[in-house]
Protein chains: 2
Amino acid sequence: MAERTYSIENTIAALAEAKKYSTLRDILSTMNPSDLASVFEELDNPSALPRLFRLLPKELAAEAFVEMESETQELLIQGFSDTELKEVVDELYVDDAVDLVEEMPSNVVKRILRQADAETRRLINEMLKYPEDSAGSIMTTEFVSLRPKMTVEEAEKRIRRTGVDKATINTCYVTDQGKLIGAISIRTLLLSDHDAVISDIMEENVISVTTTDDQEDVAQAFSKYNFSAMPVVDKEGRLVGVVTVDDAMDVMEEEATEDMEIMAGMSPSERPYLHTGVVETWKARITWLLPLMLSAALTGFVLNHYEGQLSSCLVLSAFIPLLCSTAGNSGTQASVAIIRGLALDELDMSNLGEVIWKELRVALLCGVCLAAANFVKMIAVDMALLHNGVTVGVAAAVCLTLVVVVLFAKLVGCSLPILAGKLGFDPAVIASPVVSSIVDVLSLLVYFRVAALLLPELRG
Amino acid sequence: MAERTYSIENTIAALAEAKKYSTLRDILSTMNPSDLASVFEELDNPSALPRLFRLLPKELAAEAFVEMESETQELLIQGFSDTELKEVVDELYVDDAVDLVEEMPSNVVKRILRQADAETRRLINEMLKYPEDSAGSIMTTEFVSLRPKMTVEEAEKRIRRTGVDKATINTCYVTDQGKLIGAISIRTLLLSDHDAVISDIMEENVISVTTTDDQEDVAQAFSKYNFSAMPVVDKEGRLVGVVTVDDAMDVMEEEATEDMEIMAGMSPSERPYLHTGVVETWKARITWLLPLMLSAALTGFVLNHYEGQLSSCLVLSAFIPLLCSTAGNSGTQASVAIIRGLALDELDMSNLGEVIWKELRVALLCGVCLAAANFVKMIAVDMALLHNGVTVGVAAAVCLTLVVVVLFAKLVGCSLPILAGKLGFDPAVIASPVVSSIVDVLSLLVYFRVAALLLPELRG
């Protein structure tokens, strides 16, 4: 279903070239805001943008505007007259206006705020004060609130009067002196008797979040309770806004991307891959690569220290990358399983004991399997076939080390994220690269200790 | 706001112990289905479960039942009489009934199907035929469809008559001889004139998906178009079901978890961490660890091959783990950035050239930085301070290798997922462990080649 949008861009470019504006208006008006945004972004000739945008009906124009990347939005605003800018700003929901203000350079922000009416300006400024990534920063302040004593008929009148443009109108909230006391869906209103009283038919157990709650927890609550909107209250329990499910989905996607990026050892970026500059991408990556590389220097010191052992049994060095990578992979598996469990609220800090006990058993099973497979391979291939210096003793040392380091790696991998969370860090930070770095050093130390025990020639 | 549910479990257990059923009913009836499900799952004494469940009002009971883990559901069903089972099954939405049938062992499935009425049984069987992870398998078949010639008043009557229990009633769909021709929100109905004709006020450009579309694409469409429901049509364009936003959120979460698990080299699991057995977890992990370890044996063969070089300049071996881990981290960064971009539809196969060009420049920047930092460290620490055999030549060899392997790693990391996608594989499969394995071998080959060029003593 998404393919349909791509073929249309050439047509639109050609019609714009030929100045067939009324045909263009007909085509554009049938399109969905997100598809329109994609088409506008893909235009080869950005100077045609404001002209095309002017063809759209006002409401559709504002909806498409919200869906665009900030670069395109800036380009458009620069092409707008003040009247045009005002028309778009007037159509925006407050939360979208706040997003816009946060993205634009300061001279554009000034123009936007100048065009917004006083009330919108006050709301924008109010919302800009909420901490980044809080419920307050993603909520909309446009919702329908009803009084408990209203009848269904009065409620419907109120909705008709105030609610035409309210994004979250599928659910109305019932307030008493500002405090949230209930919720009622449009569906219930539609199906109820006209004289029924709201307080009798509303849902009283309303789950709400607080303005300062983390947006990740809010998204998690959506997915737990299957809501399509979630009321946001201030510290005193007064209803101040509503988070809608589409914003919650965006947060979920953003947070999953962020976790993956951090797990892969990158600073998270909020912009799509192709819209991020080379220098910005470099910065996000080098800030992790450099400290990880410097910490990997520890492995060098360990190897230097055991140089004597290595030179008297050089074949030992051939298995170092295998040990490090297997240990690293084992640790990553455990840490990612735990980090995701924490993110999805399936696990919390209190499960540490249970998690360690489980990983211990999984690690033993994995370690023994890997060691057995590797032992067979070392005897059958290295010793019998290649004669590359591998002895039964060397094979035993490598395989015993494998069991121990897989155990270490799983324990480090599962406990570090939980401990990081306990200390107030993002558990994802303690993900594969960090776990691997720690586990590499541990593996080498174990390897040389085990080898010294099993191989008499190293002790001489 | 989630904390509230935890303290209540002890109270409930105590009340159940004391047989204070009417108090219990009052408490349970005020709770949310998801919270009820958590409380029921956490009960220390599962034998009390059916008794507690019977206290719930029918509709709430069914809603809580849907939210439970399949173990708890099975336990409950085994405690149910046939009449009780029928009551729960009658209250379930068809898609939830299908989920249940898919999760339960066959003897329980038989009991469930026997209690379902003929129409439900037919629908369940119909839906079981859709491919796993398709739009058809996650849609609900309970929706309200209107005729284009109806007036708003007639539509409202129809909704009252048929729609009370329909999950997706916030949007009604307009069909003509079964074909989907429009959509109209309850909100528009409520705000429109009673004599307005549906075909005049409905939205005609309805985005829909096909029963066989992949659920991941469906979830992606939700997040792109900000819908709260998405109609599903069959090959002939006939409306057969609706996917709701809560199911789309579940799919998004599931797919993100799956991607993370695959990226970390684990077979994906659909069950929460603590509910997965040790053997199952072991299987999901060993199936990746074992082949990865055996492929890591390649690094051993490379090292064996260059044993002569290593023995004449043993200090070279001290930097092998550093080179491999830095290369691995660089490759992982690129592959995860690309995999996530592909999953979010920000990238597709056609961007290969653009991606490679970008990664090339990022890699050069990263490589040069890392090499410079490492050169300074090797001269200042290893050579001047530790006298561990590092010479300017060795430092140059290590650092030049760094630049080359970071470049290789980024290119392999960014192009493999795109190529995997082109060949019809899940791009996430070509993630960090696989990229690292390939990059480890490449790194060693480059290292010994560069060292031989720069260090005359190795050629002797």
# chains A, B, ... in the order shown; residues from 1 in each chain; ligands from 1
$ calpha_fit_and_write --fixed "chain B" --moving "chain A" --output "compact mmCIF listing (two decimals) with C-alpha atoms, in the first residue's frame"
# COMPACT_ATOMS: atom_id res chain seq x y z
CA MET A 1 1.14 5.22 38.32
CA ALA A 2 2.11 1.56 37.90
CA GLU A 3 3.33 1.18 41.47
CA ARG A 4 -0.17 1.21 42.88
CA THR A 5 -0.86 -2.31 41.63
CA TYR A 6 1.89 -4.02 43.56
CA SER A 7 0.92 -3.33 47.13
CA ILE A 8 -2.56 -4.67 46.58
CA GLU A 9 -1.57 -8.30 46.03
CA ASN A 10 -1.02 -9.08 49.68
CA THR A 11 -4.37 -7.59 50.60
CA ILE A 12 -6.10 -9.73 48.01
CA ALA A 13 -4.31 -12.89 49.11
CA ALA A 14 -5.26 -12.17 52.74
CA LEU A 15 -8.91 -11.48 51.89
CA ALA A 16 -9.08 -14.67 49.80
CA GLU A 17 -7.62 -16.60 52.71
CA ALA A 18 -10.29 -15.11 55.00
CA LYS A 19 -13.00 -15.86 52.38
CA LYS A 20 -14.15 -12.20 52.37
CA TYR A 21 -15.61 -12.58 48.89
CA SER A 22 -17.91 -9.57 48.79
CA THR A 23 -15.09 -7.21 49.82
CA LEU A 24 -12.90 -8.90 47.23
CA ARG A 25 -15.52 -8.43 44.53
CA ASP A 26 -15.68 -4.71 45.36
CA ILE A 27 -11.92 -4.35 45.13
CA LEU A 28 -11.44 -6.42 41.99
CA SER A 29 -14.30 -4.72 40.14
CA THR A 30 -12.60 -1.33 40.41
CA MET A 31 -9.41 -2.60 38.84
CA ASN A 32 -8.15 -2.37 35.28
CA PRO A 33 -7.96 -5.61 33.22
CA SER A 34 -4.15 -5.45 32.86
CA ASP A 35 -3.64 -4.82 36.55
CA LEU A 36 -6.01 -7.66 37.38
CA ALA A 37 -4.02 -9.94 35.10
CA SER A 38 -0.77 -9.01 36.88
CA VAL A 39 -2.34 -9.58 40.30
CA PHE A 40 -3.67 -12.99 39.24
CA GLU A 41 -0.29 -14.01 37.86
CA GLU A 42 1.54 -12.99 40.99
CA LEU A 43 -0.70 -14.98 43.37
CA ASP A 44 1.36 -17.36 45.48
CA ASN A 45 -1.52 -19.79 45.72
CA PRO A 46 -2.75 -20.53 42.17
CA SER A 47 -5.55 -22.78 43.41
CA ALA A 48 -7.40 -19.63 44.58
CA LEU A 49 -7.35 -18.36 40.99
CA PRO A 50 -10.62 -19.78 39.59
CA ARG A 51 -12.49 -18.73 42.73
CA LEU A 52 -11.23 -15.15 42.48
CA PHE A 53 -11.89 -15.06 38.75
CA ARG A 54 -15.53 -16.03 39.32
CA LEU A 55 -16.00 -12.87 41.43
CA LEU A 56 -15.41 -10.61 38.42
CA PRO A 57 -18.22 -9.16 36.30
CA LYS A 58 -18.34 -11.12 33.02
CA GLU A 59 -16.98 -8.49 30.68
CA LEU A 60 -14.13 -7.50 33.00
CA ALA A 61 -13.35 -11.19 33.51
CA ALA A 62 -12.94 -11.72 29.76
CA GLU A 63 -10.82 -8.57 29.41
CA ALA A 64 -8.54 -9.59 32.25
CA PHE A 65 -8.32 -13.12 30.84
CA VAL A 66 -6.99 -11.80 27.52
CA GLU A 67 -4.22 -9.91 29.32
CA MET A 68 -2.87 -12.96 31.17
CA GLU A 69 0.16 -15.07 30.26
CA SER A 70 -0.78 -18.32 28.55
CA GLU A 71 0.29 -20.39 31.59
CA THR A 72 -2.24 -18.59 33.79
CA GLN A 73 -4.92 -18.89 31.11
CA GLU A 74 -4.38 -22.63 30.90
CA LEU A 75 -4.55 -22.97 34.68
CA LEU A 76 -7.83 -21.06 34.70
CA ILE A 77 -9.40 -23.02 31.84
CA GLN A 78 -8.53 -26.24 33.60
CA GLY A 79 -10.44 -24.96 36.64
CA PHE A 80 -13.47 -23.85 34.55
CA SER A 81 -16.70 -25.75 34.14
CA ASP A 82 -17.90 -25.94 30.52
CA THR A 83 -20.49 -23.22 31.22
CA GLU A 84 -17.84 -20.92 32.65
CA LEU A 85 -15.56 -21.54 29.69
CA LYS A 86 -18.40 -20.75 27.30
CA GLU A 87 -19.09 -17.48 29.12
CA VAL A 88 -15.48 -16.36 28.73
CA VAL A 89 -15.20 -17.50 25.10
CA ASP A 90 -18.43 -15.69 24.22
CA GLU A 91 -17.01 -12.42 25.58
CA LEU A 92 -13.71 -12.69 23.68
CA TYR A 93 -13.07 -10.79 20.46
CA VAL A 94 -12.35 -13.19 17.64
CA ASP A 95 -8.71 -12.15 17.33
CA ASP A 96 -8.15 -12.76 21.04
CA ALA A 97 -9.87 -16.16 20.73
CA VAL A 98 -7.51 -17.00 17.86
CA ASP A 99 -4.50 -16.01 19.96
CA LEU A 100 -5.79 -18.22 22.74
CA VAL A 101 -6.29 -21.19 20.42
CA GLU A 102 -2.77 -20.76 19.08
CA GLU A 103 -1.24 -20.77 22.57
CA MET A 104 -3.15 -23.62 24.25
CA PRO A 105 -2.34 -27.34 24.09
CA SER A 106 -4.60 -29.34 21.78
CA ASN A 107 -6.88 -30.85 24.46
CA VAL A 108 -7.67 -27.35 25.76
CA VAL A 109 -8.20 -26.10 22.19
CA LYS A 110 -10.77 -28.82 21.63
CA ARG A 111 -12.66 -27.76 24.75
CA ILE A 112 -12.57 -24.11 23.68
CA LEU A 113 -13.84 -24.82 20.16
CA ARG A 114 -16.59 -27.03 21.54
CA GLN A 115 -17.85 -24.14 23.71
CA ALA A 116 -17.66 -21.50 20.96
CA ASP A 117 -20.79 -20.96 18.88
CA ALA A 118 -20.78 -22.07 15.25
CA GLU A 119 -20.11 -18.60 13.81
CA THR A 120 -17.18 -17.92 16.16
CA ARG A 121 -15.77 -21.35 15.36
CA ARG A 122 -15.97 -20.61 11.64
CA LEU A 123 -14.24 -17.22 12.12
CA ILE A 124 -11.51 -18.73 14.28
CA ASN A 125 -10.81 -21.41 11.69
CA GLU A 126 -10.84 -18.80 8.92
CA MET A 127 -8.29 -16.62 10.75
CA LEU A 128 -6.03 -19.53 11.63
CA LYS A 129 -5.42 -19.90 7.88
CA TYR A 130 -3.69 -16.53 7.49
CA PRO A 131 0.09 -16.73 7.44
CA GLU A 132 1.80 -16.11 10.78
CA ASP A 133 2.80 -12.46 11.25
CA SER A 134 0.43 -11.30 8.49
CA ALA A 135 -2.17 -8.53 8.77
CA GLY A 136 -4.86 -11.23 8.60
CA SER A 137 -3.47 -12.95 11.66
CA ILE A 138 -3.62 -9.85 13.88
CA MET A 139 -6.83 -8.24 12.66
CA THR A 140 -10.18 -8.41 14.41
CA THR A 141 -13.23 -9.30 12.34
CA GLU A 142 -15.55 -7.28 14.55
CA PHE A 143 -16.12 -3.88 13.03
CA VAL A 144 -19.06 -1.70 12.06
CA SER A 145 -19.71 -1.34 8.36
CA LEU A 146 -22.13 1.22 6.98
CA ARG A 147 -23.76 1.65 3.57
CA PRO A 148 -22.98 4.78 1.53
CA LYS A 149 -26.67 5.73 1.14
CA MET A 150 -27.45 5.70 4.89
CA THR A 151 -28.18 8.95 6.71
CA VAL A 152 -26.29 9.82 9.88
CA GLU A 153 -29.38 8.92 11.90
CA GLU A 154 -29.63 5.49 10.28
CA ALA A 155 -25.94 4.96 10.80
CA GLU A 156 -26.25 5.78 14.50
CA LYS A 157 -29.11 3.32 14.78
CA ARG A 158 -27.07 0.64 13.12
CA ILE A 159 -24.16 1.29 15.46
CA ARG A 160 -26.44 1.08 18.49
CA ARG A 161 -27.82 -2.19 17.19
CA THR A 162 -24.61 -3.94 16.16
CA GLY A 163 -21.73 -1.98 17.49
CA VAL A 164 -21.96 -2.03 21.26
CA ASP A 165 -19.14 -4.51 21.63
CA LYS A 166 -17.10 -3.68 18.57
CA ALA A 167 -13.55 -2.86 19.51
CA THR A 168 -12.90 -0.56 16.61
CA ILE A 169 -16.03 1.49 16.80
CA ASN A 170 -14.19 4.82 16.86
CA THR A 171 -14.06 4.49 13.10
CA CYS A 172 -16.80 2.94 10.97
CA TYR A 173 -16.13 1.69 7.47
CA VAL A 174 -18.37 2.20 4.49
CA THR A 175 -18.75 -0.74 2.12
CA ASP A 176 -20.55 -1.23 -1.15
CA GLN A 177 -21.15 -4.90 -2.03
CA GLY A 178 -18.42 -5.80 0.40
CA LYS A 179 -15.82 -3.46 -1.12
CA LEU A 180 -14.29 -0.85 1.14
CA ILE A 181 -15.17 2.56 -0.25
CA GLY A 182 -14.82 4.93 2.68
CA ALA A 183 -14.37 5.55 6.39
CA ILE A 184 -16.07 7.81 8.89
CA SER A 185 -15.19 8.49 12.50
CA ILE A 186 -17.74 8.36 15.30
CA ARG A 187 -16.67 11.92 15.98
CA THR A 188 -17.73 13.03 12.49
CA LEU A 189 -21.04 11.18 12.93
CA LEU A 190 -21.65 12.87 16.26
CA LEU A 191 -20.89 16.30 14.87
CA SER A 192 -22.87 15.93 11.64
CA ASP A 193 -26.45 16.74 10.78
CA HIS A 194 -28.84 13.86 11.37
CA ASP A 195 -30.01 13.81 7.74
CA ALA A 196 -26.57 14.08 6.16
CA VAL A 197 -25.82 11.15 3.86
CA ILE A 198 -22.82 8.98 4.73
CA SER A 199 -21.34 9.03 1.23
CA ASP A 200 -21.23 12.85 1.37
CA ILE A 201 -19.38 13.11 4.65
CA MET A 202 -17.18 10.01 4.63
CA GLU A 203 -13.45 10.07 3.96
CA GLU A 204 -12.96 8.49 0.55
CA ASN A 205 -9.19 8.07 0.49
CA VAL A 206 -8.94 5.20 2.89
CA ILE A 207 -5.55 3.65 3.41
CA SER A 208 -5.93 -0.10 3.82
CA VAL A 209 -3.70 -3.15 4.05
CA THR A 210 -4.12 -6.61 2.57
CA THR A 211 -4.61 -9.76 4.66
CA THR A 212 -1.23 -11.13 3.56
CA ASP A 213 0.77 -7.94 4.27
CA ASP A 214 3.53 -8.39 6.83
CA GLN A 215 2.50 -7.25 10.33
CA GLU A 216 5.69 -5.18 10.56
CA ASP A 217 4.65 -3.14 7.52
CA VAL A 218 1.20 -2.71 9.05
CA ALA A 219 2.67 -1.36 12.30
CA GLN A 220 4.93 0.92 10.27
CA ALA A 221 1.88 2.27 8.43
CA PHE A 222 0.19 3.04 11.76
CA SER A 223 3.13 5.02 12.93
CA LYS A 224 3.40 6.82 9.58
CA TYR A 225 -0.27 7.76 9.23
CA ASN A 226 -1.18 8.20 12.93
CA PHE A 227 -4.27 6.01 12.62
CA SER A 228 -6.12 4.37 15.47
CA ALA A 229 -7.41 1.55 13.25
CA MET A 230 -6.51 0.23 9.81
CA PRO A 231 -8.95 -1.66 7.59
CA VAL A 232 -7.81 -4.97 6.12
CA VAL A 233 -9.07 -6.01 2.69
CA ASP A 234 -8.74 -9.26 0.78
CA LYS A 235 -7.27 -9.61 -2.72
CA GLU A 236 -10.56 -8.42 -4.24
CA GLY A 237 -10.71 -5.25 -2.11
CA ARG A 238 -13.45 -6.58 0.18
CA LEU A 239 -13.29 -5.46 3.79
CA VAL A 240 -12.56 -8.50 5.99
CA GLY A 241 -11.19 -7.04 9.21
CA VAL A 242 -9.58 -4.21 11.09
CA VAL A 243 -6.22 -3.96 12.84
CA THR A 244 -6.45 -1.77 15.93
CA VAL A 245 -3.68 0.48 17.22
CA ASP A 246 -3.11 -1.54 20.40
CA ASP A 247 -2.31 -4.61 18.31
CA ALA A 248 -0.04 -2.48 16.15
CA MET A 249 1.82 -1.31 19.27
CA ASP A 250 2.28 -4.90 20.39
CA VAL A 251 3.66 -5.76 16.95
CA MET A 252 6.07 -2.82 17.07
CA GLU A 253 7.33 -3.87 20.47
CA GLU A 254 7.62 -7.49 19.41
CA GLU A 255 9.48 -6.61 16.23
CA ALA A 256 11.88 -4.27 18.03
CA THR A 257 12.61 -6.98 20.59
CA GLU A 258 13.07 -9.53 17.82
CA ASP A 259 15.48 -7.25 15.96
CA MET A 260 17.50 -6.62 19.11
CA GLU A 261 17.67 -10.32 19.88
CA ILE A 262 18.75 -11.22 16.36
CA MET A 263 21.28 -8.36 16.36
CA ALA A 264 22.74 -9.75 19.57
CA GLY A 265 22.98 -13.20 17.99
CA MET A 266 20.02 -14.94 19.60
CA SER A 267 17.04 -16.67 18.07
CA PRO A 268 14.06 -14.48 18.93
CA SER A 269 11.72 -15.65 21.67
CA GLU A 270 8.10 -14.58 22.00
CA ARG A 271 7.96 -15.13 25.75
CA PRO A 272 9.13 -12.78 28.50
CA TYR A 273 12.62 -13.50 29.85
CA LEU A 274 11.54 -14.92 33.20
CA HIS A 275 8.90 -17.17 31.62
CA THR A 276 11.35 -18.82 29.24
CA GLY A 277 12.88 -22.06 30.45
CA VAL A 278 16.64 -22.57 30.77
CA VAL A 279 16.74 -25.15 27.97
CA GLU A 280 14.73 -22.94 25.66
CA THR A 281 17.03 -19.97 26.35
CA TRP A 282 20.05 -22.20 25.85
CA LYS A 283 18.72 -23.39 22.48
CA ALA A 284 18.04 -19.82 21.31
CA ARG A 285 21.61 -18.87 22.16
CA ILE A 286 23.69 -21.91 21.25
CA THR A 287 22.26 -22.00 17.71
CA TRP A 288 24.14 -18.74 17.15
CA LEU A 289 27.14 -19.16 19.47
CA LEU A 290 28.21 -22.46 17.98
CA PRO A 291 28.40 -21.48 14.28
CA LEU A 292 29.94 -18.13 15.26
CA MET A 293 32.60 -19.92 17.31
CA LEU A 294 33.33 -22.35 14.51
CA SER A 295 33.63 -19.49 12.04
CA ALA A 296 35.96 -17.75 14.50
CA ALA A 297 38.24 -20.74 14.02
CA LEU A 298 39.20 -19.02 10.77
CA THR A 299 41.08 -16.42 12.80
CA GLY A 300 43.08 -19.32 14.27
CA PHE A 301 44.05 -20.55 10.83
CA VAL A 302 45.22 -17.06 9.85
CA LEU A 303 47.30 -16.79 13.02
CA ASN A 304 48.80 -20.25 12.43
CA HIS A 305 49.72 -19.22 8.93
CA TYR A 306 51.59 -16.14 10.15
CA GLU A 307 53.19 -17.92 13.11
CA GLY A 308 56.64 -17.21 11.70
CA GLN A 309 56.04 -13.45 11.62
CA LEU A 310 54.52 -13.55 15.09
CA SER A 311 57.46 -15.40 16.64
CA SER A 312 60.00 -12.97 15.15
CA CYS A 313 58.04 -9.98 16.51
CA LEU A 314 55.98 -11.27 19.41
CA VAL A 315 54.80 -7.81 20.49
CA LEU A 316 52.54 -7.75 17.41
CA SER A 317 50.29 -10.32 19.09
CA ALA A 318 49.60 -7.93 21.97
CA PHE A 319 47.52 -5.69 19.69
CA ILE A 320 45.36 -8.36 18.05
CA PRO A 321 42.44 -8.15 20.53
CA LEU A 322 42.48 -4.33 20.31
CA LEU A 323 42.35 -4.41 16.51
CA CYS A 324 39.61 -7.04 16.42
CA SER A 325 37.42 -5.37 19.03
CA THR A 326 37.77 -1.88 17.50
CA ALA A 327 36.99 -3.24 14.05
CA GLY A 328 34.04 -5.19 15.47
CA ASN A 329 32.65 -2.14 17.27
CA SER A 330 33.02 0.01 14.13
CA GLY A 331 31.21 -2.57 12.03
CA THR A 332 28.43 -3.01 14.58
CA GLN A 333 27.78 0.74 14.67
CA ALA A 334 27.31 0.86 10.92
CA SER A 335 25.21 -2.30 10.71
CA VAL A 336 22.86 -1.33 13.55
CA ALA A 337 22.36 2.18 12.12
CA ILE A 338 21.44 0.66 8.76
CA ILE A 339 19.27 -2.14 10.15
CA ARG A 340 17.25 0.32 12.19
CA GLY A 341 16.96 2.71 9.24
CA LEU A 342 15.62 -0.17 7.13
CA ALA A 343 13.18 -1.24 9.85
CA LEU A 344 11.81 2.30 10.18
CA ASP A 345 11.50 2.72 6.40
CA GLU A 346 13.98 5.60 6.46
CA LEU A 347 16.22 3.64 4.10
CA ASP A 348 15.70 1.12 1.38
CA MET A 349 17.72 -0.94 -1.03
CA SER A 350 18.01 1.97 -3.46
CA ASN A 351 20.08 3.97 -0.97
CA LEU A 352 23.05 1.56 -1.07
CA GLY A 353 25.30 3.99 -2.95
CA GLU A 354 24.45 6.93 -0.71
CA VAL A 355 24.99 4.82 2.42
CA ILE A 356 28.38 3.52 1.28
CA TRP A 357 29.55 7.02 0.37
CA LYS A 358 28.54 8.32 3.79
CA GLU A 359 30.06 5.41 5.74
CA LEU A 360 33.28 5.77 3.74
CA ARG A 361 33.73 9.34 4.96
CA VAL A 362 32.64 8.57 8.53
CA ALA A 363 35.01 5.60 8.56
CA LEU A 364 37.96 7.68 7.38
CA LEU A 365 37.33 10.28 10.08
CA CYS A 366 36.92 7.60 12.76
CA GLY A 367 39.91 5.55 11.57
CA VAL A 368 42.28 8.52 11.44
CA CYS A 369 41.20 9.70 14.92
CA LEU A 370 41.60 6.26 16.45
CA ALA A 371 44.94 5.70 14.76
CA ALA A 372 46.28 9.05 15.93
CA ALA A 373 45.15 8.43 19.52
CA ASN A 374 46.57 4.93 19.49
CA PHE A 375 49.87 6.08 17.98
CA VAL A 376 50.37 8.64 20.73
CA LYS A 377 49.47 6.04 23.36
CA MET A 378 51.83 3.40 21.91
CA ILE A 379 54.78 5.79 21.69
CA ALA A 380 54.18 7.48 25.06
CA VAL A 381 53.14 4.45 27.11
CA ASP A 382 54.39 1.23 25.47
CA MET A 383 57.65 2.49 23.97
CA ALA A 384 58.76 5.24 26.34
CA LEU A 385 57.32 3.95 29.62
CA LEU A 386 56.93 0.18 29.47
CA HIS A 387 59.72 -0.70 27.02
CA ASN A 388 57.71 -3.75 25.99
CA GLY A 389 59.20 -4.07 22.54
CA VAL A 390 56.99 -1.56 20.75
CA THR A 391 58.98 0.39 18.14
CA VAL A 392 57.88 3.27 15.94
CA GLY A 393 57.56 0.70 13.16
CA VAL A 394 55.24 -1.51 15.24
CA ALA A 395 53.16 1.51 16.27
CA ALA A 396 52.92 2.59 12.64
CA ALA A 397 51.88 -0.92 11.57
CA VAL A 398 49.17 -1.15 14.24
CA CYS A 399 47.80 2.33 13.50
CA LEU A 400 47.82 2.02 9.73
CA THR A 401 46.00 -1.31 10.17
CA LEU A 402 43.45 0.48 12.37
CA VAL A 403 42.58 2.95 9.60
CA VAL A 404 42.20 0.19 7.03
CA VAL A 405 40.15 -2.17 9.23
CA VAL A 406 37.79 0.57 10.46
CA LEU A 407 37.17 1.38 6.81
CA PHE A 408 36.60 -2.28 5.96
CA ALA A 409 34.39 -2.81 9.01
CA LYS A 410 32.15 0.16 8.27
CA LEU A 411 31.76 -0.84 4.64
CA VAL A 412 30.99 -4.47 5.48
CA GLY A 413 28.72 -3.35 8.32
CA CYS A 414 26.66 -0.98 6.19
CA SER A 415 26.42 -2.96 2.97
CA LEU A 416 25.73 -6.48 4.27
CA PRO A 417 22.34 -5.66 5.87
CA ILE A 418 21.19 -3.90 2.69
CA LEU A 419 22.34 -6.83 0.55
CA ALA A 420 20.73 -9.29 2.94
CA GLY A 421 17.47 -7.36 2.59
CA LYS A 422 17.82 -7.40 -1.21
CA LEU A 423 18.19 -11.18 -1.11
CA GLY A 424 15.04 -11.46 0.99
CA PHE A 425 16.66 -12.15 4.39
CA ASP A 426 15.92 -10.21 7.56
CA PRO A 427 18.63 -7.51 7.57
CA ALA A 428 18.98 -7.89 11.35
CA VAL A 429 20.45 -11.36 10.85
CA ILE A 430 23.56 -9.76 9.39
CA ALA A 431 24.20 -7.87 12.57
CA SER A 432 27.05 -7.40 14.95
CA PRO A 433 28.19 -10.99 15.60
CA VAL A 434 28.24 -11.95 11.92
CA VAL A 435 29.83 -8.67 10.88
CA SER A 436 32.40 -9.02 13.69
CA SER A 437 33.30 -12.56 12.62
CA ILE A 438 33.96 -11.46 9.06
CA VAL A 439 35.78 -8.35 10.16
CA ASP A 440 38.02 -10.26 12.61
CA VAL A 441 39.46 -12.38 9.81
CA LEU A 442 39.86 -9.38 7.51
CA SER A 443 41.60 -7.43 10.28
CA LEU A 444 44.20 -10.13 10.88
CA LEU A 445 44.95 -10.49 7.18
CA VAL A 446 45.40 -6.73 6.84
CA TYR A 447 47.49 -6.59 10.02
CA PHE A 448 50.07 -9.14 8.87
CA ARG A 449 50.23 -7.68 5.38
CA VAL A 450 50.81 -4.15 6.73
CA ALA A 451 53.32 -5.39 9.31
CA ALA A 452 55.30 -7.22 6.62
CA LEU A 453 55.44 -4.01 4.60
CA LEU A 454 56.55 -1.75 7.46
CA LEU A 455 58.78 -4.03 9.52
CA PRO A 456 61.92 -5.20 7.70
CA GLU A 457 62.68 -7.81 10.40
CA LEU A 458 59.59 -9.78 9.39
CA ARG A 459 60.78 -10.21 5.87
CA GLY A 460 64.18 -11.68 6.76
$ select_by_dssp --residues "region 186-218 of chain B" --states "helix (DSSP H, G or I)" --output "PDB file with C-alpha atoms, in the first residue's frame"
ATOM      1  CA  ILE B 186     -17.710   8.418  15.321  1.00  0.00           C
ATOM      2  CA  ARG B 187     -16.598  11.968  15.985  1.00  0.00           C
ATOM      3  CA  THR B 188     -17.698  13.099  12.523  1.00  0.00           C
ATOM      4  CA  LEU B 189     -21.019  11.289  12.984  1.00  0.00           C
ATOM      5  CA  LEU B 190     -21.596  12.958  16.322  1.00  0.00           C
ATOM      6  CA  LEU B 191     -20.794  16.389  14.929  1.00  0.00           C
ATOM      7  CA  ILE B 198     -22.903   9.094   4.779  1.00  0.00           C
ATOM      8  CA  SER B 199     -21.439   9.134   1.277  1.00  0.00           C
ATOM      9  CA  ASP B 200     -21.322  12.960   1.422  1.00  0.00           C
ATOM     10  CA  ILE B 201     -19.436  13.201   4.697  1.00  0.00           C
ATOM     11  CA  GLN B 215       2.386  -7.303  10.211  1.00  0.00           C
ATOM     12  CA  GLU B 216       5.599  -5.268  10.424  1.00  0.00           C
ATOM     13  CA  ASP B 217       4.541  -3.209   7.375  1.00  0.00           C
ATOM     14  CA  VAL B 218       1.107  -2.758   8.929  1.00  0.00           C
TER      15      VAL B 218
END
